[in-house]
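Engineer: Supplied in structure tokens, the structure appears directly below.
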Amino acid sequence: MNPILIQIGNIQIYWYSFILFIAFILGCFLALKEAKKQDISEEFMINLFFYMIPICLVGARLYYILFNLDYYLQDPVEMLKVWEGGLAIHGGVISAFIFIVYYTKKHNVKLFKLTDILVISLILGQIMGRWGNFMNSEAYGPETTLSFLNSIHIPKFIINGMFINGAYYHPTFLYESLWNLIGLIIMLIIRKNKNNKIGYLSAFYLIWYGIGRFLIEGLRTDSLMFFNLKIAQIVSIVMVLCGIFLLIRAKQKKLNNC
């Protein structure tokens, strides 16, 4: 795949950057719309995005660099080349959550009321972001065959994009994108349910995404590693456990004042 969307002279705009930009715009729009329904001011949300988005990007990049430190220490300039890929979603989520805890406490806004709003935008961004990985020819799984890819009835352009360096590979980017799409639909249903409680959506996101990422990461060939363990799988287990704990607390209505 050609990762460059537009090139004018020495100026290049990458598909990855463009897709992330659109995802941010849509995510912010959805969050603002829902926040208004929840009586959270537009000014609060806009200021939140102003600080949170760059913090999220920096956190995602630093997380990726941390687990590839030997490579980046050989050529530190490579740390700045975000357009070539190298953003770890777990790093972005962790850094953003730390800031949200601080920001909600400072402005006296309920933490999980806000995270319930933001997880909808987050999972939408993850659905779209995986297509940036596709354009960069990254985040794919083990080698497979053309007959297998044809058998799962995916579009021809995806099959062609999975032909990398003379072989076909599992489109794990697609598996995760579709998993998250199903999760988004379920979350929208939960949000409209009259029995929805503060914390339900946040808990569901942690459990759903954690399970999906753990399973799909098992197929990935480009995982960040900690000794012989895949970091994303370790973090996914922690996410699921946190989600279960959060769900129990939400059912007990103990998050209403948090």
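Ligands are numbered from 1 in the order shown, residues from 1 within each chain, and chains are lettered A, B, ... in the order they appear in the structure tokens.
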Report as an NGL selection string: the residues of range 73-180 of chain A with a DSSP assignment of alpha helix (DSSP H), based on the backbone of this structure.
Structural biologist: :A and (73-74 or 89-107 or 111-135 or 146-151 or 156-161 or 172-180)
Engineer: Could the residues in this selection be written to a file with C-alpha atoms, as an mmCIF file, in the first residue's frame?
Structural biologist:
data_model
loop_
_atom_site.group_PDB
_atom_site.id
_atom_site.type_symbol
_atom_site.label_atom_id
_atom_site.label_comp_id
_atom_site.auth_asym_id
_atom_site.auth_seq_id
_atom_site.Cartn_x
_atom_site.Cartn_y
_atom_site.Cartn_z
ATOM 1 C CA LEU A 73 18.609 4.991 21.084
ATOM 2 C CA GLN A 74 20.638 4.068 18.012
ATOM 3 C CA ILE A 89 -3.086 2.799 21.832
ATOM 4 C CA HIS A 90 -2.560 1.528 25.372
ATOM 5 C CA GLY A 91 -0.068 4.312 26.037
ATOM 6 C CA GLY A 92 -2.537 6.872 24.719
ATOM 7 C CA VAL A 93 -5.401 5.534 26.831
ATOM 8 C CA ILE A 94 -3.330 5.373 30.012
ATOM 9 C CA SER A 95 -1.933 8.901 29.639
ATOM 10 C CA ALA A 96 -5.334 10.320 28.717
ATOM 11 C CA PHE A 97 -7.018 8.639 31.694
ATOM 12 C CA ILE A 98 -4.446 10.025 34.132
ATOM 13 C CA PHE A 99 -5.119 13.517 32.789
ATOM 14 C CA ILE A 100 -8.909 13.010 32.899
ATOM 15 C CA VAL A 101 -8.725 12.014 36.575
ATOM 16 C CA TYR A 102 -6.874 15.255 37.313
ATOM 17 C CA TYR A 103 -9.109 17.383 35.078
ATOM 18 C CA THR A 104 -12.441 16.113 36.430
ATOM 19 C CA LYS A 105 -11.280 16.510 40.009
ATOM 20 C CA LYS A 106 -10.151 20.063 39.312
ATOM 21 C CA HIS A 107 -13.479 21.039 37.734
ATOM 22 C CA LEU A 111 -15.136 10.988 36.455
ATOM 23 C CA PHE A 112 -17.115 8.004 35.200
ATOM 24 C CA LYS A 113 -19.911 10.152 33.849
ATOM 25 C CA LEU A 114 -17.271 11.679 31.597
ATOM 26 C CA THR A 115 -15.510 8.411 30.715
ATOM 27 C CA ASP A 116 -18.860 6.921 29.711
ATOM 28 C CA ILE A 117 -19.084 9.701 27.138
ATOM 29 C CA LEU A 118 -15.493 9.455 25.953
ATOM 30 C CA VAL A 119 -15.304 5.667 25.472
ATOM 31 C CA ILE A 120 -17.781 5.948 22.592
ATOM 32 C CA SER A 121 -15.438 8.346 20.827
ATOM 33 C CA LEU A 122 -12.435 6.236 21.775
ATOM 34 C CA ILE A 123 -13.708 3.003 20.281
ATOM 35 C CA LEU A 124 -14.799 4.869 17.145
ATOM 36 C CA GLY A 125 -11.255 6.213 16.850
ATOM 37 C CA GLN A 126 -9.881 2.690 17.220
ATOM 38 C CA ILE A 127 -12.202 1.401 14.507
ATOM 39 C CA MET A 128 -10.905 4.040 12.126
ATOM 40 C CA GLY A 129 -7.310 4.041 13.325
ATOM 41 C CA ARG A 130 -6.748 0.422 12.327
ATOM 42 C CA TRP A 131 -7.284 1.464 8.719
ATOM 43 C CA GLY A 132 -4.307 3.771 9.128
ATOM 44 C CA ASN A 133 -2.337 0.654 10.041
ATOM 45 C CA PHE A 134 -3.618 -0.978 6.860
ATOM 46 C CA MET A 135 -2.381 1.931 4.752
ATOM 47 C CA LEU A 146 -4.722 -16.364 -0.940
ATOM 48 C CA SER A 147 -7.352 -19.114 -0.811
ATOM 49 C CA PHE A 148 -7.926 -18.463 2.906
ATOM 50 C CA LEU A 149 -8.359 -14.722 2.379
ATOM 51 C CA ASN A 150 -10.810 -15.390 -0.454
ATOM 52 C CA SER A 151 -12.707 -17.840 1.763
ATOM 53 C CA LYS A 156 -10.293 -7.536 -2.963
ATOM 54 C CA PHE A 157 -8.426 -4.332 -2.086
ATOM 55 C CA ILE A 158 -7.808 -5.668 1.420
ATOM 56 C CA ILE A 159 -6.525 -8.948 0.042
ATOM 57 C CA ASN A 160 -4.203 -7.032 -2.266
ATOM 58 C CA GLY A 161 -3.042 -4.897 0.653
ATOM 59 C CA THR A 172 -5.563 -8.546 11.971
ATOM 60 C CA PHE A 173 -6.153 -4.803 11.601
ATOM 61 C CA LEU A 174 -9.517 -5.720 10.048
ATOM 62 C CA TYR A 175 -10.359 -8.275 12.729
ATOM 63 C CA GLU A 176 -9.846 -5.655 15.438
ATOM 64 C CA SER A 177 -11.674 -2.938 13.531
ATOM 65 C CA LEU A 178 -14.727 -5.186 13.088
ATOM 66 C CA TRP A 179 -14.578 -6.355 16.715
ATOM 67 C CA ASN A 180 -14.610 -2.740 17.849
#
Engineer: Please, what distance in Å, to one decimal, runs between CA of Gln7 in chain A and CA of Glu138 in chain A?
Structural biologist: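 Pair CA of Gln7 in chain A / CA of Glu138 in chain A returns 21.2 Å.
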Engineer: Find, counting only C-alpha atoms, the residue in A:Ile234, A:Leu247, A:Phe214, A:Asn228 that gets nearest to Asn196 in chain A.
Structural biologist: A:Leu247
Engineer: If you count only C-alpha atoms, which residues fall within 9 Å of Glu143 in chain A, apart from same-chain ones fewer than 2 positions away, as number ranges by chain?
Structural biologist: A: 140-141, 145, 167-170
Engineer: So that I can check the secondary structure, give me every residue of range 20-233 of chain A assigned strand (DSSP E or B) by backbone DSSP, as a ChimeraX atom specification.
Structural biologist: /A:143-144,163-164,167-169,225-226,229-230
Engineer: Kindly export the residues of the current selection with C-alpha atoms, as a PDB file, in the first residue's frame.
Structural biologist:
ATOM      1  CA  GLU A 143       1.464 -15.596   6.855  1.00  0.00           C
ATOM      2  CA  THR A 144      -1.557 -17.174   5.218  1.00  0.00           C
ATOM      3  CA  PHE A 163       0.265  -9.117  -0.013  1.00  0.00           C
ATOM      4  CA  ILE A 164       3.456  -7.853   1.614  1.00  0.00           C
ATOM      5  CA  ALA A 167       3.427 -13.290   0.829  1.00  0.00           C
ATOM      6  CA  TYR A 168      -0.159 -12.954   2.095  1.00  0.00           C
ATOM      7  CA  TYR A 169      -0.869 -12.211   5.762  1.00  0.00           C
ATOM      8  CA  MET A 225       7.429  -7.463  23.870  1.00  0.00           C
ATOM      9  CA  PHE A 226       8.505  -7.626  27.511  1.00  0.00           C
ATOM     10  CA  LEU A 229       5.461 -11.777  26.820  1.00  0.00           C
ATOM     11  CA  LYS A 230       3.343  -9.589  24.587  1.00  0.00           C
TER      12      LYS A 230
END
Engineer: Can you list, as a PyMOL selection string, every protein, DNA or RNA residue that comes within 12 Å of Gly199 in chain A when you count only C-alpha atoms, leaving out same-chain residues fewer than 4 positions away?
Structural biologist: chain A and resi 110-119+187+190-191+195+203-206+242-258
Engineer: Might you pull out every residue within 9 Å of Leu224 in chain A, with only C-alpha atoms counted and same-chain residues fewer than 6 positions away left off, and present them as number ranges by chain?
Structural biologist: A: 64, 67-68, 88, 230-232
Engineer: Only C-alpha atoms, please: the residues just picked out, written as an mmCIF file, in the first residue's frame.
Structural biologist:
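Below is the file again_29.cif, written as the result:
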data_model
loop_
_atom_site.group_PDB
_atom_site.id
_atom_site.type_symbol
_atom_site.label_atom_id
_atom_site.label_comp_id
_atom_site.auth_asym_id
_atom_site.auth_seq_id
_atom_site.Cartn_x
_atom_site.Cartn_y
_atom_site.Cartn_z
ATOM 1 C CA TYR A 64 5.861 2.649 21.847
ATOM 2 C CA PHE A 67 9.341 -0.908 24.408
ATOM 3 C CA ASN A 68 11.578 -0.313 21.387
ATOM 4 C CA ALA A 88 0.588 2.377 20.941
ATOM 5 C CA LYS A 230 3.343 -9.589 24.587
ATOM 6 C CA ILE A 231 2.800 -6.295 26.393
ATOM 7 C CA ALA A 232 -0.610 -5.716 24.798
#
Engineer: If I take CA of Arg220 in chain A and CA of Pro142 in chain A, how far is one from the other in Å, to one decimal?
Structural biologist: 6.7 Å
